[in-house]
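*Asks:* See coords10.cif below, with mmCIF, C-alpha atoms and all ligand atoms.
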data_query
#
loop_
_atom_site.label_atom_id
_atom_site.label_comp_id
_atom_site.auth_asym_id
_atom_site.auth_seq_id
_atom_site.Cartn_x
_atom_site.Cartn_y
_atom_site.Cartn_z
CA MET D 1 82.17 3.10 3.52
CA GLU D 2 85.75 4.05 2.69
CA THR D 3 86.06 4.53 -1.07
CA SER D 4 88.65 5.99 -3.36
CA ALA D 5 86.22 8.89 -3.79
CA GLN D 6 87.00 10.17 -0.33
CA ARG D 7 90.67 10.41 -1.15
CA LEU D 8 90.16 12.35 -4.36
CA PRO D 9 90.56 15.92 -3.00
CA VAL D 10 94.10 15.06 -1.85
CA VAL D 11 95.05 13.95 -5.34
CA VAL D 12 93.62 17.14 -6.82
CA GLU D 13 95.73 19.26 -4.47
CA GLU D 14 98.91 17.39 -5.40
CA VAL D 15 98.27 18.04 -9.06
CA ALA D 16 97.61 21.70 -8.37
CA GLU D 17 100.94 22.03 -6.52
CA THR D 18 103.07 20.41 -9.17
CA SER D 19 101.57 22.18 -12.18
CA GLY D 20 103.64 25.09 -13.43
CA ALA D 21 102.66 28.63 -12.49
CA ASP D 22 102.67 29.81 -16.11
CA ASP D 23 100.20 27.17 -17.27
CA VAL D 24 97.43 29.00 -19.06
CA PRO D 25 94.14 27.83 -17.58
CA GLU D 26 91.75 26.25 -20.06
CA PRO D 27 88.56 28.28 -20.33
CA PRO D 28 85.71 26.03 -19.25
CA GLY D 29 84.29 24.59 -22.47
CA ALA D 30 80.76 25.15 -21.30
CA LEU D 31 81.23 28.89 -21.09
CA ARG D 32 82.72 29.52 -24.54
CA PRO D 33 80.65 31.66 -26.91
CA LEU D 34 78.49 29.64 -29.25
CA THR D 35 79.32 29.26 -32.92
CA ALA D 36 76.75 30.39 -35.47
CA VAL D 37 75.58 26.81 -36.05
CA GLN D 38 75.09 26.30 -32.33
CA GLU D 39 73.10 29.54 -32.07
CA VAL D 40 70.76 28.29 -34.77
CA ALA D 41 70.38 24.99 -32.92
CA ARG D 42 69.25 26.82 -29.83
CA ALA D 43 66.88 29.34 -31.43
CA PRO D 44 63.12 28.81 -31.54
CA ALA D 45 61.59 27.84 -34.88
CA SER D 46 61.67 30.88 -37.13
CA GLY D 47 59.03 33.49 -36.45
CA HIS D 48 58.02 32.08 -33.06
CA ARG D 49 58.39 33.72 -29.68
CA LEU D 50 59.69 32.06 -26.52
CA VAL D 51 57.75 32.27 -23.26
CA GLY D 52 60.87 33.57 -21.53
CA ARG D 53 61.63 34.06 -17.88
CA ALA D 54 59.75 37.35 -17.68
CA ALA D 55 56.44 35.43 -17.88
CA PHE D 56 57.11 34.35 -14.30
CA ASP D 57 57.13 36.64 -11.37
CA ALA D 58 60.34 35.46 -9.71
CA THR D 59 63.41 37.08 -8.25
CA ASP D 60 66.82 35.76 -9.39
CA GLU D 61 67.12 34.05 -6.05
CA GLN D 62 63.76 32.29 -6.43
CA TRP D 63 64.44 31.33 -10.05
CA SER D 64 67.71 29.63 -9.18
CA ASP D 65 66.22 27.83 -6.16
CA TRP D 66 65.14 24.32 -7.19
CA ARG D 67 62.52 24.16 -4.44
CA TRP D 68 60.91 27.35 -5.78
CA GLN D 69 60.90 25.77 -9.26
CA MET D 70 59.28 22.58 -7.90
CA SER D 71 56.59 24.36 -5.89
CA HIS D 72 55.69 26.65 -8.80
CA ARG D 73 55.28 23.94 -11.41
CA LEU D 74 52.56 24.36 -14.02
CA ARG D 75 49.84 21.79 -13.48
CA SER D 76 46.44 23.07 -14.61
CA LEU D 77 44.80 24.37 -17.77
CA GLN D 78 44.79 27.84 -16.19
CA ASP D 79 48.54 27.68 -15.47
CA PHE D 80 49.30 26.93 -19.11
CA GLN D 81 46.70 29.32 -20.50
CA ARG D 82 48.47 32.16 -18.74
CA ILE D 83 51.71 31.68 -20.70
CA LEU D 84 50.79 29.81 -23.92
CA GLU D 85 48.42 30.22 -26.83
CA LEU D 86 46.95 26.73 -26.47
CA SER D 87 45.69 24.61 -29.36
CA GLY D 88 42.33 22.81 -29.14
CA GLU D 89 44.14 19.48 -28.70
CA GLU D 90 46.15 20.90 -25.81
CA ILE D 91 43.08 22.39 -24.13
CA ASP D 92 41.34 19.00 -24.33
CA GLY D 93 44.55 17.32 -23.21
CA LEU D 94 44.73 19.57 -20.17
CA THR D 95 41.05 19.00 -19.41
CA ILE D 96 40.77 15.22 -19.89
CA ALA D 97 44.08 13.47 -20.63
CA CYS D 98 45.69 14.97 -17.53
CA ASN D 99 43.51 12.63 -15.42
CA LYS D 100 45.23 9.61 -16.97
CA PHE D 101 48.82 10.72 -16.38
CA VAL D 102 50.00 13.47 -14.07
CA VAL D 103 51.00 16.86 -15.52
CA GLY D 104 53.75 19.03 -14.07
CA VAL D 105 56.26 21.38 -15.69
CA THR D 106 58.94 23.50 -14.04
CA PRO D 107 58.76 27.25 -14.80
CA TYR D 108 62.35 26.97 -16.04
CA TRP D 109 61.33 24.40 -18.68
CA ALA D 110 58.17 26.35 -19.55
CA SER D 111 60.30 29.46 -20.19
CA LEU D 112 62.00 27.59 -23.08
CA MET D 113 58.70 26.92 -24.90
CA GLU D 114 57.46 28.76 -27.97
CA ARG D 115 54.32 30.49 -26.74
CA ASP D 116 52.58 30.61 -30.12
CA ASN D 117 53.49 27.18 -31.54
CA ALA D 118 51.93 23.95 -30.31
CA GLU D 119 54.49 22.01 -32.41
CA CYS D 120 57.37 23.40 -30.33
CA PRO D 121 59.60 20.43 -29.41
CA ILE D 122 60.10 21.66 -25.85
CA ARG D 123 56.37 22.11 -25.36
CA ARG D 124 55.18 18.86 -26.94
CA GLN D 125 57.25 16.76 -24.56
CA VAL D 126 55.34 17.93 -21.49
CA VAL D 127 52.00 19.55 -22.44
CA PRO D 128 49.36 16.80 -22.76
CA SER D 129 47.45 16.42 -26.01
CA VAL D 130 44.04 14.86 -26.41
CA LYS D 131 45.85 12.34 -28.64
CA GLU D 132 46.96 10.62 -25.42
CA LEU D 133 43.42 9.26 -25.11
CA TYR D 134 43.87 7.23 -28.29
CA CYS D 135 45.31 3.80 -27.58
CA SER D 136 46.55 1.90 -30.60
CA PRO D 137 45.97 -1.89 -30.58
CA THR D 138 49.69 -2.47 -30.05
CA ASP D 139 49.97 -0.13 -27.03
CA MET D 140 50.80 -1.68 -23.65
CA GLU D 141 50.67 -0.58 -20.00
CA ASP D 142 54.11 -2.02 -19.26
CA PRO D 143 55.81 -2.38 -22.66
CA CYS D 144 59.21 -3.40 -21.30
CA GLY D 145 57.70 -6.10 -19.08
CA GLU D 146 59.28 -4.63 -15.96
CA ASP D 147 56.53 -5.76 -13.61
CA HIS D 148 57.29 -9.37 -14.55
CA ASP D 149 60.95 -8.98 -13.55
CA MET D 150 60.21 -7.03 -10.36
CA LYS D 151 61.71 -9.06 -7.53
CA THR D 152 60.89 -6.68 -4.66
CA PRO D 153 58.85 -3.45 -4.90
CA GLY D 154 60.71 -1.22 -7.35
CA LEU D 155 63.65 -3.59 -8.00
CA VAL D 156 63.82 -4.95 -11.56
CA HIS D 157 66.28 -7.80 -12.21
CA ARG D 158 66.42 -8.66 -15.90
CA TYR D 159 70.05 -8.90 -16.98
CA PRO D 160 72.52 -11.30 -15.36
CA ASP D 161 74.81 -8.84 -13.60
CA ARG D 162 72.82 -5.67 -12.96
CA VAL D 163 69.57 -4.47 -11.45
CA LEU D 164 67.36 -1.40 -11.77
CA PHE D 165 66.03 0.23 -8.61
CA LEU D 166 63.13 2.68 -8.95
CA SER D 167 63.81 5.26 -6.29
CA SER D 168 60.59 7.24 -6.36
CA ASP D 169 57.59 7.99 -8.52
CA LYS D 170 58.23 11.73 -8.75
CA CYS D 171 59.85 13.68 -11.58
CA ALA D 172 60.70 17.35 -11.99
CA SER D 173 58.43 17.45 -15.06
CA TYR D 174 56.48 14.63 -16.66
CA CYS D 175 57.39 13.49 -20.19
CA ARG D 176 54.19 12.68 -22.05
CA TYR D 177 55.88 9.63 -23.62
CA CYS D 178 57.03 8.21 -20.26
CA THR D 179 57.77 4.49 -20.41
CA ARG D 180 56.75 4.15 -16.73
CA SER D 181 53.55 6.21 -16.77
CA ARG D 182 51.85 3.24 -15.09
CA LEU D 183 54.00 3.84 -11.98
CA VAL D 184 55.09 7.46 -12.10
CA GLY D 185 53.18 10.17 -10.27
CA ASN D 186 50.47 7.91 -8.81
CA GLY D 187 51.88 7.30 -5.32
CA GLU D 188 51.67 3.49 -5.50
CA LEU D 189 55.40 2.76 -5.35
CA GLY D 190 55.66 3.60 -1.64
CA SER D 191 58.44 5.09 0.45
CA VAL D 192 61.94 4.45 -0.87
CA LEU D 193 63.55 3.86 2.51
CA GLN D 194 60.94 1.21 3.31
CA ARG D 195 61.60 -0.54 -0.01
CA LEU D 196 65.39 -0.15 0.18
CA GLU D 197 66.00 -2.89 2.77
CA LEU D 198 63.98 -5.48 0.83
CA ALA D 199 65.75 -4.57 -2.41
CA ALA D 200 69.21 -4.64 -0.82
CA ALA D 201 68.48 -7.97 0.88
CA TYR D 202 67.51 -9.43 -2.51
CA VAL D 203 70.72 -8.14 -4.11
CA GLU D 204 72.75 -9.62 -1.22
CA GLY D 205 71.42 -13.03 -2.23
CA GLN D 206 72.46 -12.56 -5.88
CA PRO D 207 76.27 -12.68 -5.96
CA GLN D 208 76.40 -12.32 -9.75
CA VAL D 209 74.93 -8.80 -9.54
CA ARG D 210 77.71 -6.19 -9.64
CA ASP D 211 75.92 -3.05 -10.89
CA VAL D 212 72.92 -1.17 -9.45
CA LEU D 213 71.15 1.44 -11.57
CA ILE D 214 69.01 3.85 -9.56
CA SER D 215 66.34 5.48 -11.68
CA GLY D 216 62.69 6.20 -11.28
CA GLY D 217 60.93 8.58 -10.98
CA ASP D 218 63.89 10.86 -10.58
CA PRO D 219 66.42 10.00 -7.87
CA LEU D 220 67.95 13.49 -7.95
CA LEU D 221 64.75 14.90 -6.40
CA LEU D 222 65.52 12.98 -3.20
CA SER D 223 67.32 14.79 -0.42
CA GLU D 224 71.09 14.37 -0.16
CA THR D 225 70.58 12.42 3.08
CA VAL D 226 68.22 9.88 1.52
CA LEU D 227 70.33 9.58 -1.64
CA ALA D 228 73.46 8.94 0.43
CA ARG D 229 71.65 6.22 2.39
CA ILE D 230 70.47 4.44 -0.76
CA ILE D 231 73.84 4.55 -2.50
CA ARG D 232 75.73 3.53 0.65
CA ARG D 233 73.39 0.62 1.33
CA PHE D 234 74.00 -0.87 -2.12
CA ARG D 235 77.72 -0.10 -1.97
CA SER D 236 77.92 -1.94 1.36
CA ILE D 237 77.19 -5.21 -0.49
CA PRO D 238 80.59 -6.81 -1.19
CA HIS D 239 79.86 -7.90 -4.78
CA ILE D 240 78.45 -4.50 -5.86
CA GLU D 241 81.18 -2.86 -7.94
CA MET D 242 79.24 0.16 -9.13
CA VAL D 243 76.16 2.25 -8.48
CA ARG D 244 74.88 4.60 -11.18
CA LEU D 245 71.91 6.86 -11.61
CA GLY D 246 69.53 7.88 -14.38
CA SER D 247 67.95 11.33 -14.22
CA ARG D 248 66.21 14.02 -16.18
CA VAL D 249 66.83 16.66 -13.53
CA PRO D 250 69.79 18.24 -15.38
CA SER D 251 67.46 19.15 -18.27
CA TYR D 252 64.16 19.86 -16.44
CA LEU D 253 65.60 21.39 -13.30
CA PRO D 254 69.29 22.32 -13.68
CA GLN D 255 68.98 24.44 -10.51
CA ARG D 256 68.98 21.19 -8.50
CA ILE D 257 72.55 20.41 -9.54
CA THR D 258 74.67 21.86 -6.77
CA PRO D 259 78.25 21.02 -5.72
CA ARG D 260 76.76 19.49 -2.56
CA LEU D 261 74.53 17.13 -4.56
CA VAL D 262 77.44 16.07 -6.77
CA ARG D 263 79.64 15.52 -3.70
CA THR D 264 76.90 13.30 -2.25
CA LEU D 265 76.99 11.10 -5.35
CA ARG D 266 80.76 11.03 -5.68
CA SER D 267 81.71 10.59 -2.04
CA ASN D 268 79.25 7.74 -1.57
CA GLY D 269 80.52 5.96 -4.66
CA ALA D 270 78.02 6.69 -7.45
CA PHE D 271 80.38 7.58 -10.30
CA TYR D 272 78.10 7.46 -13.35
CA LEU D 273 75.04 9.49 -14.24
CA SER D 274 72.89 9.03 -17.34
CA VAL D 275 70.98 12.15 -18.25
CA HIS D 276 67.94 12.34 -20.50
CA PHE D 277 67.90 14.94 -23.32
CA SER D 278 65.70 15.14 -26.42
CA HIS D 279 66.56 18.31 -28.30
CA PRO D 280 69.54 20.68 -28.76
CA ARG D 281 67.46 23.60 -27.43
CA GLU D 282 67.54 21.90 -24.03
CA VAL D 283 71.26 22.56 -23.73
CA THR D 284 70.93 26.07 -22.28
CA PRO D 285 73.57 28.06 -20.36
CA GLU D 286 71.95 26.88 -17.08
CA VAL D 287 72.19 23.27 -18.25
CA GLU D 288 75.80 23.74 -19.36
CA ARG D 289 76.65 25.03 -15.88
CA ALA D 290 74.88 22.05 -14.27
CA LEU D 291 76.73 19.56 -16.51
CA ALA D 292 80.06 21.29 -15.75
CA THR D 293 79.32 21.00 -12.00
CA ILE D 294 78.68 17.27 -12.37
CA ALA D 295 81.73 16.63 -14.56
CA ASP D 296 84.00 18.79 -12.38
CA GLY D 297 82.73 16.84 -9.36
CA GLY D 298 84.12 13.65 -10.88
CA VAL D 299 80.89 11.97 -11.99
CA VAL D 300 80.97 10.53 -15.52
CA LEU D 301 78.09 11.62 -17.73
CA GLY D 302 76.25 9.66 -20.41
CA SER D 303 73.06 10.61 -22.24
CA GLN D 304 69.85 8.85 -23.20
CA THR D 305 67.47 10.13 -25.85
CA VAL D 306 64.09 8.85 -26.98
CA LEU D 307 63.38 9.13 -30.71
CA LEU D 308 60.20 11.26 -30.94
CA ARG D 309 58.16 12.02 -34.03
CA GLY D 310 58.14 15.70 -34.92
CA ILE D 311 60.47 16.52 -32.01
CA ASN D 312 63.87 15.06 -32.84
CA ASP D 313 63.32 12.55 -35.65
CA ASP D 314 65.85 13.96 -38.07
CA ALA D 315 69.57 13.39 -38.31
CA GLU D 316 70.56 17.07 -38.14
CA THR D 317 68.66 17.71 -34.88
CA LEU D 318 70.05 14.63 -33.16
CA LYS D 319 73.58 15.22 -34.44
CA ARG D 320 73.50 18.76 -33.05
CA LEU D 321 72.11 17.51 -29.73
CA TRP D 322 74.84 14.89 -29.38
CA GLN D 323 77.57 17.32 -30.41
CA ARG D 324 76.34 19.87 -27.85
CA LEU D 325 76.27 17.19 -25.15
CA LEU D 326 79.72 15.94 -26.07
CA ALA D 327 81.09 19.51 -25.90
CA ASN D 328 79.71 19.55 -22.34
CA ARG D 329 81.45 16.30 -21.37
CA VAL D 330 78.38 14.07 -21.82
CA ARG D 331 78.99 10.92 -23.88
CA PRO D 332 75.86 9.91 -25.84
CA TYR D 333 74.95 6.41 -24.60
CA TYR D 334 71.58 5.27 -25.97
CA LEU D 335 69.01 6.39 -28.53
CA TYR D 336 65.77 4.59 -27.69
CA GLN D 337 63.04 3.65 -30.06
CA CYS D 338 59.93 5.05 -28.32
CA ASP D 339 58.29 2.29 -26.27
CA PRO D 340 54.71 1.39 -27.24
CA VAL D 341 53.21 2.81 -24.04
CA MET D 342 49.44 3.40 -23.86
CA GLY D 343 48.48 6.65 -25.58
CA THR D 344 51.88 7.49 -27.07
CA SER D 345 51.47 6.40 -30.71
CA HIS D 346 51.57 10.07 -31.84
CA PHE D 347 55.18 10.22 -30.60
CA ARG D 348 56.45 7.15 -32.41
CA THR D 349 58.46 6.92 -35.63
CA SER D 350 59.16 3.79 -37.64
CA VAL D 351 62.22 1.73 -36.82
CA ALA D 352 63.25 2.16 -40.46
CA ALA D 353 63.34 5.94 -39.96
CA GLY D 354 65.48 5.49 -36.84
CA VAL D 355 67.94 3.21 -38.65
CA GLU D 356 68.23 5.74 -41.48
CA ILE D 357 68.86 8.58 -39.00
CA MET D 358 71.69 6.62 -37.39
CA ARG D 359 73.16 5.91 -40.83
CA ARG D 360 73.21 9.67 -41.47
CA VAL D 361 75.03 10.37 -38.21
CA ARG D 362 77.65 7.59 -37.99
CA GLY D 363 80.80 8.72 -39.83
CA PHE D 364 79.47 12.23 -40.40
CA THR D 365 80.55 13.38 -36.94
CA SER D 366 82.80 12.35 -34.03
CA GLY D 367 82.40 8.68 -33.16
CA TYR D 368 82.01 9.74 -29.53
CA ALA D 369 78.83 11.60 -30.55
CA VAL D 370 77.15 8.42 -31.82
CA PRO D 371 75.08 6.45 -29.29
CA THR D 372 73.73 2.92 -29.68
CA TYR D 373 70.22 2.84 -31.13
CA VAL D 374 68.16 0.27 -29.21
CA ILE D 375 64.66 -1.09 -28.87
CA ASP D 376 63.72 -2.18 -25.37
CA ALA D 377 62.09 -5.33 -26.67
CA PRO D 378 58.38 -5.49 -25.75
CA GLY D 379 57.59 -8.26 -23.31
CA GLY D 380 60.84 -8.00 -21.35
CA GLY D 381 63.46 -8.82 -23.99
CA GLY D 382 65.68 -5.96 -22.89
CA LYS D 383 67.65 -3.37 -24.82
CA THR D 384 68.41 -4.70 -28.27
CA PRO D 385 70.67 -2.84 -30.72
CA VAL D 386 69.10 -2.11 -34.10
CA ASN D 387 71.88 -0.14 -35.72
CA SER D 388 72.17 0.02 -39.50
CA ASP D 389 73.70 -2.94 -41.21
CA TYR D 390 76.99 -2.13 -42.92
CA ILE D 391 77.65 -5.68 -44.09
CA VAL D 392 76.32 -6.09 -47.63
CA GLU D 393 77.50 -9.67 -48.12
CA HIS D 394 79.34 -12.05 -45.81
CA GLY D 395 81.03 -14.56 -48.11
CA ALA D 396 83.37 -17.42 -47.25
CA ASP D 397 86.46 -15.49 -48.37
CA LYS D 398 85.47 -11.85 -47.89
CA VAL D 399 83.12 -9.43 -46.22
CA THR D 400 81.62 -6.81 -48.51
CA MET D 401 80.59 -3.69 -46.68
CA ARG D 402 79.18 -0.28 -47.34
CA ASN D 403 81.08 2.52 -45.58
CA TRP D 404 79.53 5.60 -43.94
CA ALA D 405 79.59 7.51 -47.24
CA GLY D 406 77.82 4.72 -49.12
CA ASN D 407 80.80 3.23 -51.01
CA LEU D 408 81.50 -0.50 -51.23
CA TYR D 409 84.66 -2.11 -49.79
CA ALA D 410 85.82 -5.66 -49.23
CA TYR D 411 87.81 -7.14 -46.36
CA PRO D 412 89.40 -10.62 -46.71
CA GLU D 413 87.88 -13.25 -44.42
CA ILE D 414 90.36 -15.72 -43.00
C1 LIG D 501 68.32 -0.31 -18.95
C2 LIG D 501 68.27 -1.29 -17.88
C3 LIG D 501 69.44 -1.66 -17.20
C4 LIG D 501 70.80 -1.10 -17.53
O1 LIG D 501 71.18 -1.49 -18.83
P1 LIG D 501 72.58 -1.04 -19.49
O2 LIG D 501 72.49 -1.47 -20.89
O3 LIG D 501 73.64 -1.75 -18.70
O4 LIG D 501 72.67 0.45 -19.30
C5 LIG D 501 69.32 -2.60 -16.20
N1 LIG D 501 68.13 -3.17 -15.90
C6 LIG D 501 67.00 -2.84 -16.55
C7 LIG D 501 65.73 -3.52 -16.18
C8 LIG D 501 67.03 -1.88 -17.55
O5 LIG D 501 65.90 -1.54 -18.19
#
Would you encode the structure as structure tokens?
Ligand SMILES: *Cc1c(COP(=O)(O)O)cnc(C)c1O
*Replies:*
Amino acid sequence: METSAQRLPVVVEEVAETSGADDVPEPPGALRPLTAVQEVARAPASGHRLVGRAAFDATDEQWSDWRWQMSHRLRSLQDFQRILELSGEEIDGLTIACNKFVVGVTPYWASLMERDNAECPIRRQVVPSVKELYCSPTDMEDPCGEDHDMKTPGLVHRYPDRVLFLSSDKCASYCRYCTRSRLVGNGELGSVLQRLELAAAYVEGQPQVRDVLISGGDPLLLSETVLARIIRRFRSIPHIEMVRLGSRVPSYLPQRITPRLVRTLRSNGAFYLSVHFSHPREVTPEVERALATIADGGVVLGSQTVLLRGINDDAETLKRLWQRLLANRVRPYYLYQCDPVMGTSHFRTSVAAGVEIMRRVRGFTSGYAVPTYVIDAPGGGGKTPVNSDYIVEHGADKVTMRNWAGNLYAYPEI
């Protein structure tokens, strides 16, 4: 399909020709030295040691090859025992809980873990704990009610003008708090190309749908050829105005982000990518390079973060994360209250804590760094904003509000 994307290189050349020869080139933001505050944000908790790259026997070429990373993922108790001092809960998690939900961690991600601290935020996201076996009475298999809104295999139609297409059931690493653990990693979703035609035919019959979100499982693990076919098929539908993707590959497997992959997205008309990040320590030099490749390739970046107890549930950590992302051309999009998925209650915070965190961020840093805090309402209600309430009193003649710093102001109501 002919899109404006295919004409972009011409435009870039014109700009390059007309810009003055003495223009000083901007240093790429991603490659600037870190400030002291940023260094602290990236360091392991004090006194702890990182696993580091040296724990893996890989050449530079292997390390930067995403297929090497995928085929050398850590999956078993023995794999983790080799690089980490495991806690009892982790050992039991890797012996029993791993049978409930697949385990897999890229060596790159594992290299960022603290080897002697089971509370390490990088580690807790992916190493199973025996706590996963505890199901609280409010836990659900499918908390967001996606199965109810699934119109064809892997196509969820909930909102009036947009649909969600689950491209695969594979991820680069598996988040222990995954909202789709019922589907991910178990092979039941079936081949994406077989499901694509059914999904596209459904969308063709829904003229009010203008936006297709491809998520998963992680779509960026598909080959460029398959990705191009999926995006093009949806873009071929006259009323589809945009195709976007959701992915955690930039944080779990930045090696996958190549100029060729970004060209595949851009030239087939997928202009937006939402990336999942939880903690400022995830924004490594490799990740900064990957994000720069995506942004330079003309794909607009947004971020999604899940609020996780003991991992990122404080305002300073999240503010630093969002500032780091923003400095790398990623606009924070959503902060999610953790969905009540089976066996994830140890990851959840109260909504009150989340609201208070947002209150401590809004106004204290760039507005661009502040995402919308939402709960994906259990039972299929969809994403519902739960941001702090700044209106103290809404009278007939004035609105009384509390500003970001906690002071009261009034605005006349007409
Ligand atoms: C999140 C989601 C979307 C996209 O929602 P936006 O708020 O537009 O990003 C679409 N469909 C489903 C089922 C979703 O869960």
*Asks:* Give me, as a Markdown table, each residue of chain D that comes within 8 Å of ligand LIG 501 (chain D), together with its shortest interatomic pair and the distance in Å at one decimal, counting all atoms listed in the file, with rows ordered by chain and rising residue number.
*Replies:*
| residue | atom | partner | partner_atom | distance |
| --- | --- | --- | --- | --- |
| D:Cys144 | CA | D:LIG501 | O5 | 7.6 |
| D:Glu146 | CA | D:LIG501 | C7 | 6.5 |
| D:Asp149 | CA | D:LIG501 | C7 | 7.7 |
| D:Val156 | CA | D:LIG501 | C7 | 5.2 |
| D:His157 | CA | D:LIG501 | C7 | 5.9 |
| D:Arg158 | CA | D:LIG501 | C7 | 5.2 |
| D:Tyr159 | CA | D:LIG501 | N1 | 6.1 |
| D:Arg162 | CA | D:LIG501 | C5 | 5.7 |
| D:Val163 | CA | D:LIG501 | N1 | 4.9 |
| D:Leu164 | CA | D:LIG501 | N1 | 4.6 |
| D:Val212 | CA | D:LIG501 | C5 | 7.8 |
| D:Leu213 | CA | D:LIG501 | C5 | 6.4 |
| D:Asp376 | CA | D:LIG501 | O5 | 7.5 |
| D:Gly382 | CA | D:LIG501 | O5 | 6.5 |
| D:Lys383 | CA | D:LIG501 | O2 | 6.5 |
*Asks:* Please determine, counting all atoms listed in the file, which residue among D:Ala201, D:Leu261, D:Leu253, D:Ala410 has the shortest atom-to-atom distance to Leu227 (chain D).
*Replies:*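 Distance minimum relative to Leu227 (chain D) lands on D:Leu261.
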*Asks:* Name the residues within 9 Å of (78.6, 0.8, -0.5), counting all atoms listed in the file in the file's coordinates, and put them as an MDAnalysis selection string.
*Replies:* chainID D and resid 1:3 230:238 240:243 268:269
*Asks:* How would the residues just picked look written out with C-alpha atoms as an mmCIF file, in the frame of the given file?
*Replies:*
data_model
loop_
_atom_site.group_PDB
_atom_site.id
_atom_site.type_symbol
_atom_site.label_atom_id
_atom_site.label_comp_id
_atom_site.auth_asym_id
_atom_site.auth_seq_id
_atom_site.Cartn_x
_atom_site.Cartn_y
_atom_site.Cartn_z
ATOM 1 C CA MET D 1 82.170 3.100 3.520
ATOM 2 C CA GLU D 2 85.750 4.050 2.690
ATOM 3 C CA THR D 3 86.060 4.530 -1.070
ATOM 4 C CA ILE D 230 70.470 4.440 -0.760
ATOM 5 C CA ILE D 231 73.840 4.550 -2.500
ATOM 6 C CA ARG D 232 75.730 3.530 0.650
ATOM 7 C CA ARG D 233 73.390 0.620 1.330
ATOM 8 C CA PHE D 234 74.000 -0.870 -2.120
ATOM 9 C CA ARG D 235 77.720 -0.100 -1.970
ATOM 10 C CA SER D 236 77.920 -1.940 1.360
ATOM 11 C CA ILE D 237 77.190 -5.210 -0.490
ATOM 12 C CA PRO D 238 80.590 -6.810 -1.190
ATOM 13 C CA ILE D 240 78.450 -4.500 -5.860
ATOM 14 C CA GLU D 241 81.180 -2.860 -7.940
ATOM 15 C CA MET D 242 79.240 0.160 -9.130
ATOM 16 C CA VAL D 243 76.160 2.250 -8.480
ATOM 17 C CA ASN D 268 79.250 7.740 -1.570
ATOM 18 C CA GLY D 269 80.520 5.960 -4.660
#
*Asks:* So what do you get for CA of Gly145 (chain D) versus CA of Gly381 (chain D), distance-wise?
*Replies:*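 Interatomic distance here is 8.0 Å.
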*Asks:* So which residues touch Glu316 (chain D) within 12 Å, counting all atoms listed in the file, skipping near sequence neighbours fewer than 2 positions away, as a VMD selection string?
*Replies:* chain D and resid 37 to 38 40 to 41 279 to 280 311 to 314 318 to 323 357 to 362 364 to 365
*Asks:* Which distance in Å separates CA of Arg324 (chain D) and CA of Arg402 (chain D), to one decimal?
*Replies:*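 For CA of Arg324 (chain D) relative to CA of Arg402 (chain D), the distance reads 28.2 Å.
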*Asks:* Any idea what's packed within 9 Å of Gly363 (chain D), counting all atoms listed in the file, ignoring anything in its chain fewer than 3 positions away? Could you give it as a list in words?
*Replies:*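 Using all atoms listed in the file, the neighbours found are Arg359, Arg360, Ser366, Gly367, Val370, Asn403, Trp404 and Ala405 of chain D.
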*Asks:* Tell me, as a JSON list (two decimals) with C-alpha atoms, keeping the file's coordinate frame, which residues lie within 10 Å of Met401 (chain D), counting only C-alpha atoms; anything in the same chain fewer than 6 positions away does not count.
*Replies:*
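Saved as around37.json:
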[["chain", "number", "residue", "atom", "x", "y", "z"],
["D", 389, "ASP", "CA", 73.70, -2.94, -41.21],
["D", 390, "TYR", "CA", 76.99, -2.13, -42.92],
["D", 391, "ILE", "CA", 77.65, -5.68, -44.09],
["D", 392, "VAL", "CA", 76.32, -6.09, -47.63],
["D", 393, "GLU", "CA", 77.50, -9.67, -48.12],
["D", 394, "HIS", "CA", 79.34, -12.05, -45.81],
["D", 407, "ASN", "CA", 80.80, 3.23, -51.01],
["D", 408, "LEU", "CA", 81.50, -0.50, -51.23],
["D", 409, "TYR", "CA", 84.66, -2.11, -49.79],
["D", 410, "ALA", "CA", 85.82, -5.66, -49.23],
["D", 411, "TYR", "CA", 87.81, -7.14, -46.36]]
*Asks:* Between D:Glu61, D:Asn328, D:Ala54, D:Arg180, which residue has the minimum interatomic distance to Phe101 (chain D), considering only C-alpha atoms?
*Replies:*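 Answer, going by the shortest atom-to-atom distance: D:Arg180.
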*Asks:* So which residues are close to (43.4, 13.4, -14.6), meaning at most 12 Å away in the file's coordinates with only C-alpha atoms counted, and can you show them as a PyMOL selection string?
*Replies:* chain D and resi 75-77+92-104+128+130+132-133+185-186
*Asks:* Just give me the gap between CA of Ala353 (chain D) and CA of Val306 (chain D) in Å, one decimal is fine.
*Replies:* 13.3 Å
*Asks:* Name the closest residue to Ser136 (chain D) among the candidates D:Lys398, D:Arg82, D:His346, D:Arg195; distances are taken between atoms, counting all atoms listed in the file.
*Replies:*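 Closest to Ser136 (chain D) of all the choices is D:His346.
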*Asks:* Go through D:Pro143, D:Pro160, D:Gly354, D:Gly302 and flag the residue nearest Ser274 (chain D), using only C-alpha atoms for the distances.
*Replies:* D:Gly302
*Asks:* Can you tell me, as lines of an AutoDock Vina configuration file, the centre and edge lengths (Å, one decimal) of the axis-aligned box enclosing all of region 353-364 of chain D's listed atoms after padding each side by 3 Å?
*Replies:*
center_x = 72.1
center_y = 7.7
center_z = -39.2
size_x = 23.5
size_y = 15.0
size_z = 10.6
*Asks:* If we count all atoms listed in the file and set the cut-off at 12 Å, which residues sit around Asp147 (chain D), ignoring sequence neighbours fewer than 5 positions away in its own chain? Please answer as a count of residues only.
*Replies:* 17
